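What's in work10.txt: compact mmCIF, N, CA and C atoms
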```
# COMPACT_ATOMS: atom_id res chain seq x y z
N MET A 1 0.83 -1.18 0.00
CA MET A 1 0.00 0.00 0.00
C MET A 1 0.89 1.25 0.00
N GLU A 2 0.44 2.28 -0.71
CA GLU A 2 1.19 3.54 -0.79
C GLU A 2 1.14 4.27 0.55
N PRO A 3 2.16 5.09 0.81
CA PRO A 3 2.08 5.94 2.01
C PRO A 3 0.88 6.88 1.90
N GLY A 4 0.22 7.11 3.01
CA GLY A 4 -0.95 7.99 3.00
C GLY A 4 -2.23 7.27 2.60
N THR A 5 -2.17 5.96 2.48
CA THR A 5 -3.38 5.19 2.19
C THR A 5 -3.67 4.27 3.36
N VAL A 6 -4.95 4.00 3.55
CA VAL A 6 -5.40 3.14 4.64
C VAL A 6 -6.43 2.19 4.08
N GLN A 7 -6.33 0.94 4.49
CA GLN A 7 -7.32 -0.05 4.08
C GLN A 7 -8.35 -0.18 5.18
N VAL A 8 -9.63 -0.04 4.80
CA VAL A 8 -10.72 -0.15 5.77
C VAL A 8 -11.76 -1.12 5.22
N VAL A 9 -12.59 -1.63 6.13
CA VAL A 9 -13.66 -2.55 5.73
C VAL A 9 -14.98 -1.95 6.20
N LEU A 10 -15.86 -1.70 5.23
CA LEU A 10 -17.21 -1.20 5.50
C LEU A 10 -18.20 -2.24 5.01
N GLN A 11 -19.01 -2.74 5.93
CA GLN A 11 -20.02 -3.74 5.59
C GLN A 11 -19.43 -4.91 4.81
N GLY A 12 -18.25 -5.33 5.24
CA GLY A 12 -17.62 -6.49 4.63
C GLY A 12 -16.88 -6.21 3.33
N LYS A 13 -16.92 -4.98 2.86
CA LYS A 13 -16.23 -4.62 1.61
C LYS A 13 -14.97 -3.84 1.96
N THR A 14 -13.87 -4.19 1.31
CA THR A 14 -12.60 -3.54 1.57
C THR A 14 -12.41 -2.35 0.65
N PHE A 15 -11.97 -1.24 1.26
CA PHE A 15 -11.69 -0.02 0.52
C PHE A 15 -10.29 0.45 0.89
N VAL A 16 -9.58 0.96 -0.09
CA VAL A 16 -8.30 1.59 0.17
C VAL A 16 -8.52 3.09 0.00
N LEU A 17 -8.31 3.83 1.08
CA LEU A 17 -8.57 5.27 1.08
C LEU A 17 -7.27 6.04 1.16
N ARG A 18 -7.20 7.10 0.43
CA ARG A 18 -6.07 8.02 0.51
C ARG A 18 -6.44 9.10 1.52
N THR A 19 -5.56 9.30 2.51
CA THR A 19 -5.89 10.25 3.57
C THR A 19 -4.63 10.82 4.21
N SER A 20 -4.77 12.00 4.75
CA SER A 20 -3.69 12.59 5.54
C SER A 20 -4.02 12.48 7.03
N GLU A 21 -5.17 11.91 7.33
CA GLU A 21 -5.61 11.75 8.72
C GLU A 21 -4.87 10.59 9.38
N ASP A 22 -4.89 10.61 10.71
CA ASP A 22 -4.33 9.52 11.49
C ASP A 22 -5.14 8.25 11.20
N PRO A 23 -4.50 7.16 10.83
CA PRO A 23 -5.24 5.92 10.53
C PRO A 23 -6.13 5.47 11.69
N ALA A 24 -5.71 5.68 12.91
CA ALA A 24 -6.54 5.28 14.06
C ALA A 24 -7.82 6.11 14.12
N ASP A 25 -7.71 7.41 13.81
CA ASP A 25 -8.90 8.27 13.78
C ASP A 25 -9.85 7.82 12.67
N LEU A 26 -9.29 7.52 11.52
CA LEU A 26 -10.10 7.05 10.40
C LEU A 26 -10.78 5.74 10.75
N GLN A 27 -10.07 4.85 11.44
CA GLN A 27 -10.67 3.57 11.82
C GLN A 27 -11.82 3.78 12.80
N SER A 28 -11.70 4.76 13.68
CA SER A 28 -12.80 5.07 14.59
C SER A 28 -14.04 5.53 13.82
N ILE A 29 -13.82 6.33 12.79
CA ILE A 29 -14.93 6.78 11.95
C ILE A 29 -15.57 5.59 11.24
N VAL A 30 -14.73 4.72 10.68
CA VAL A 30 -15.22 3.53 9.98
C VAL A 30 -16.03 2.65 10.94
N ASP A 31 -15.54 2.48 12.15
CA ASP A 31 -16.25 1.67 13.14
C ASP A 31 -17.62 2.28 13.45
N TYR A 32 -17.66 3.60 13.58
CA TYR A 32 -18.92 4.30 13.85
C TYR A 32 -19.91 4.11 12.71
N VAL A 33 -19.44 4.28 11.49
CA VAL A 33 -20.31 4.12 10.32
C VAL A 33 -20.78 2.67 10.21
N ASN A 34 -19.87 1.71 10.42
CA ASN A 34 -20.25 0.30 10.39
C ASN A 34 -21.33 0.00 11.42
N HIS A 35 -21.19 0.57 12.60
CA HIS A 35 -22.19 0.35 13.65
C HIS A 35 -23.56 0.87 13.20
N ARG A 36 -23.57 2.06 12.61
CA ARG A 36 -24.83 2.64 12.13
C ARG A 36 -25.42 1.78 11.01
N LEU A 37 -24.57 1.34 10.09
CA LEU A 37 -25.03 0.47 9.00
C LEU A 37 -25.61 -0.83 9.55
N ASP A 38 -24.94 -1.41 10.54
CA ASP A 38 -25.43 -2.65 11.16
C ASP A 38 -26.78 -2.45 11.83
N GLU A 39 -26.96 -1.30 12.51
CA GLU A 39 -28.24 -1.01 13.16
C GLU A 39 -29.37 -0.96 12.12
N ILE A 40 -29.11 -0.31 11.02
CA ILE A 40 -30.14 -0.17 9.98
C ILE A 40 -30.39 -1.50 9.29
N SER A 41 -29.33 -2.25 9.03
CA SER A 41 -29.46 -3.57 8.39
C SER A 41 -30.31 -4.51 9.24
N ALA A 42 -30.15 -4.41 10.55
CA ALA A 42 -30.87 -5.29 11.47
C ALA A 42 -32.36 -4.98 11.52
N SER A 43 -32.75 -3.80 11.06
CA SER A 43 -34.16 -3.41 11.16
C SER A 43 -35.03 -4.01 10.07
N GLY A 44 -34.44 -4.67 9.10
CA GLY A 44 -35.24 -5.28 8.04
C GLY A 44 -34.39 -5.77 6.90
N ASN A 45 -35.03 -6.40 5.95
CA ASN A 45 -34.34 -6.96 4.80
C ASN A 45 -34.29 -5.89 3.70
N LEU A 46 -33.29 -5.02 3.80
CA LEU A 46 -33.16 -3.92 2.85
C LEU A 46 -31.96 -4.13 1.94
N PRO A 47 -32.06 -3.67 0.70
CA PRO A 47 -30.90 -3.72 -0.19
C PRO A 47 -29.77 -2.84 0.36
N ALA A 48 -28.53 -3.19 0.03
CA ALA A 48 -27.36 -2.48 0.54
C ALA A 48 -27.43 -0.99 0.23
N GLN A 49 -27.92 -0.64 -0.95
CA GLN A 49 -28.00 0.78 -1.33
C GLN A 49 -28.97 1.53 -0.42
N SER A 50 -30.08 0.90 -0.09
CA SER A 50 -31.05 1.53 0.81
C SER A 50 -30.47 1.70 2.20
N VAL A 51 -29.74 0.69 2.67
CA VAL A 51 -29.10 0.78 3.98
C VAL A 51 -28.11 1.94 3.99
N ALA A 52 -27.32 2.06 2.93
CA ALA A 52 -26.33 3.14 2.84
C ALA A 52 -27.01 4.51 2.83
N LEU A 53 -28.10 4.64 2.07
CA LEU A 53 -28.81 5.92 2.01
C LEU A 53 -29.46 6.27 3.35
N LEU A 54 -30.05 5.29 4.00
CA LEU A 54 -30.66 5.54 5.31
C LEU A 54 -29.60 5.90 6.35
N ALA A 55 -28.46 5.24 6.27
CA ALA A 55 -27.36 5.57 7.19
C ALA A 55 -26.87 6.99 6.93
N ALA A 56 -26.75 7.36 5.66
CA ALA A 56 -26.31 8.71 5.31
C ALA A 56 -27.30 9.75 5.87
N LEU A 57 -28.59 9.49 5.72
CA LEU A 57 -29.60 10.41 6.24
C LEU A 57 -29.53 10.49 7.76
N SER A 58 -29.37 9.36 8.40
CA SER A 58 -29.29 9.32 9.86
C SER A 58 -28.07 10.09 10.36
N LEU A 59 -26.92 9.88 9.72
CA LEU A 59 -25.70 10.57 10.12
C LEU A 59 -25.80 12.07 9.84
N ALA A 60 -26.43 12.44 8.73
CA ALA A 60 -26.61 13.86 8.41
C ALA A 60 -27.52 14.52 9.44
N GLN A 61 -28.58 13.83 9.84
CA GLN A 61 -29.48 14.36 10.86
C GLN A 61 -28.73 14.57 12.18
N GLU A 62 -27.92 13.59 12.56
CA GLU A 62 -27.13 13.70 13.78
C GLU A 62 -26.16 14.89 13.71
N LEU A 63 -25.51 15.04 12.56
CA LEU A 63 -24.58 16.14 12.37
C LEU A 63 -25.28 17.49 12.48
N LEU A 64 -26.43 17.63 11.83
CA LEU A 64 -27.16 18.90 11.88
C LEU A 64 -27.65 19.22 13.29
N LYS A 65 -28.11 18.21 14.03
CA LYS A 65 -28.53 18.44 15.41
C LYS A 65 -27.35 18.89 16.26
N ASP A 66 -26.20 18.24 16.07
CA ASP A 66 -25.01 18.62 16.83
C ASP A 66 -24.54 20.02 16.47
N ARG A 67 -24.61 20.37 15.19
CA ARG A 67 -24.23 21.73 14.78
C ARG A 67 -25.15 22.76 15.41
N GLN A 68 -26.45 22.46 15.46
CA GLN A 68 -27.41 23.39 16.06
C GLN A 68 -27.15 23.53 17.55
N ALA A 69 -26.87 22.42 18.22
CA ALA A 69 -26.57 22.46 19.65
C ALA A 69 -25.30 23.28 19.89
N LEU A 70 -24.30 23.11 19.06
CA LEU A 70 -23.06 23.87 19.19
C LEU A 70 -23.32 25.36 18.97
N GLN A 71 -24.15 25.69 17.99
CA GLN A 71 -24.49 27.09 17.73
C GLN A 71 -25.23 27.69 18.91
N ASN A 72 -26.12 26.92 19.52
CA ASN A 72 -26.85 27.39 20.71
C ASN A 72 -25.88 27.69 21.85
N ILE A 73 -24.89 26.82 22.03
CA ILE A 73 -23.89 27.05 23.08
C ILE A 73 -23.08 28.31 22.76
N ARG A 74 -22.67 28.47 21.52
CA ARG A 74 -21.92 29.67 21.12
C ARG A 74 -22.74 30.93 21.37
N ASP A 75 -24.03 30.87 21.04
CA ASP A 75 -24.91 32.03 21.26
C ASP A 75 -24.99 32.38 22.74
N LYS A 76 -25.14 31.36 23.59
CA LYS A 76 -25.21 31.60 25.03
C LYS A 76 -23.90 32.20 25.54
N ILE A 77 -22.78 31.69 25.06
CA ILE A 77 -21.48 32.23 25.46
C ILE A 77 -21.35 33.69 25.03
N ARG A 78 -21.81 33.99 23.81
CA ARG A 78 -21.75 35.37 23.30
C ARG A 78 -22.58 36.31 24.18
N VAL A 79 -23.78 35.88 24.56
CA VAL A 79 -24.65 36.70 25.40
C VAL A 79 -24.03 36.89 26.78
N LYS A 80 -23.55 35.80 27.38
CA LYS A 80 -22.93 35.90 28.71
C LYS A 80 -21.69 36.78 28.67
N SER A 81 -20.88 36.63 27.62
CA SER A 81 -19.68 37.45 27.49
C SER A 81 -20.02 38.92 27.39
N ALA A 82 -21.06 39.24 26.62
CA ALA A 82 -21.48 40.64 26.48
C ALA A 82 -21.95 41.19 27.82
N LEU A 83 -22.69 40.38 28.58
CA LEU A 83 -23.15 40.81 29.90
C LEU A 83 -21.96 41.06 30.84
N ILE A 84 -21.00 40.18 30.82
CA ILE A 84 -19.82 40.35 31.67
C ILE A 84 -19.05 41.60 31.28
N LEU A 85 -18.88 41.80 29.98
CA LEU A 85 -18.17 43.00 29.52
C LEU A 85 -18.92 44.27 29.92
N ASP A 86 -20.24 44.25 29.82
CA ASP A 86 -21.03 45.40 30.25
C ASP A 86 -20.86 45.65 31.74
N MET A 87 -20.87 44.57 32.54
CA MET A 87 -20.69 44.72 33.98
C MET A 87 -19.31 45.29 34.30
N LEU A 88 -18.30 44.82 33.59
CA LEU A 88 -16.94 45.34 33.80
C LEU A 88 -16.85 46.80 33.39
N ASP A 89 -17.50 47.16 32.30
CA ASP A 89 -17.53 48.55 31.85
C ASP A 89 -18.16 49.46 32.89
N VAL A 90 -19.32 49.04 33.39
CA VAL A 90 -20.04 49.84 34.40
C VAL A 90 -19.17 49.98 35.65
N SER A 91 -18.57 48.88 36.06
CA SER A 91 -17.73 48.91 37.26
C SER A 91 -16.51 49.80 37.06
N ALA A 92 -15.87 49.70 35.91
CA ALA A 92 -14.69 50.52 35.63
C ALA A 92 -15.04 51.99 35.51
N ASN A 93 -16.18 52.30 34.92
CA ASN A 93 -16.59 53.69 34.73
C ASN A 93 -17.11 54.33 36.00
N SER A 94 -17.66 53.53 36.91
CA SER A 94 -18.20 54.10 38.14
C SER A 94 -17.16 54.17 39.24
N GLY A 95 -16.07 53.45 39.05
CA GLY A 95 -15.03 53.44 40.06
C GLY A 95 -15.39 52.59 41.26
N ASP A 96 -16.54 51.96 41.21
CA ASP A 96 -16.96 51.10 42.31
C ASP A 96 -16.29 49.75 42.22
N ASN A 97 -16.16 49.13 43.38
CA ASN A 97 -15.69 47.75 43.41
C ASN A 97 -16.91 46.85 43.31
N PRO A 98 -16.74 45.65 42.78
CA PRO A 98 -17.87 44.72 42.73
C PRO A 98 -18.32 44.37 44.15
N PRO A 99 -19.56 43.93 44.31
CA PRO A 99 -20.05 43.54 45.63
C PRO A 99 -19.15 42.48 46.25
N ALA A 100 -19.19 42.40 47.59
CA ALA A 100 -18.32 41.48 48.32
C ALA A 100 -18.47 40.05 47.86
N GLY A 101 -19.64 39.65 47.49
CA GLY A 101 -19.87 38.27 47.07
C GLY A 101 -19.48 38.01 45.64
N GLY A 102 -18.99 38.98 44.93
CA GLY A 102 -18.67 38.81 43.52
C GLY A 102 -19.89 39.03 42.67
N MET A 103 -19.73 38.78 41.38
CA MET A 103 -20.89 38.96 40.51
C MET A 103 -21.56 37.64 40.23
N SER A 104 -22.84 37.67 39.99
CA SER A 104 -23.61 36.47 39.71
C SER A 104 -23.82 36.35 38.22
N ILE A 105 -23.40 35.22 37.67
CA ILE A 105 -23.52 35.01 36.22
C ILE A 105 -24.42 33.83 35.96
```

Can you give me the file's structure in the form of structure tokens?
Amino acid sequence: MEPGTVQVVLQGKTFVLRTSEDPADLQSIVDYVNHRLDEISASGNLPAQSVALLAALSLAQELLKDRQALQNIRDKIRVKSALILDMLDVSANSGDNPPAGGMSI
């Protein structure tokens, strides 16, 4: 096998992939995809192409949900950061020290 290529097995079929990624990371991805394919295959007698398409849809749905969750976290961090900066601005401009108990976030 050429350098930068990795041999993987998906649903019993061997593929040689060209990659710059760590082979162990790629194998983890392959294992994850195989697990999803096995779950879908077990749900009924479906042709391989249907299993692959359903797995692709399932993985895409998972990805989009995770992206939305990450965006929600980023939005919350942005809002909290703005509030903290405003509190620091007010404190710095008023010359007051924060309350003894600190600020509540």

* **Gap from atom C of Gln49 (chain A) to atom C of Arg36 (chain A) - Å, one decimal** => 12.0 Å

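Take the candidates A:Ala92, A:Ala60, A:Leu10, A:Ile84 and check each one against Asn34 (chain A) using only N, CA and C atoms; the shortest distance goes to A:Leu10.
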
* Near region 13-15 of chain A, within 12 Å and counting only C-alpha atoms, which residues show up once chain neighbours fewer than 6 positions away are dropped, as a ChimeraX atom specification? -> /A:1,5-7,27,30,34,48

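What separates CA of Leu54 (chain A) from CA of Asp25 (chain A) is a distance of 23.5 Å.
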
Listed atoms of region 17-26 of chain A boxed axis-aligned with 3 Å per side, centre + edges as JSON:
```
{"center_x": -7.2, "center_y": 8.2, "center_z": 7.3, "size_x": 13.1, "size_y": 14.8, "size_z": 19.7}
```

* Can you work out the spacing between CA of Leu26 (chain A) and CA of Pro47 (chain A) in Å, to one decimal? => 25.7 Å

* **DSSP strand (DSSP E or B) residues within chain A, as a PyMOL selection string** => chain A and resi 5-10+13-18
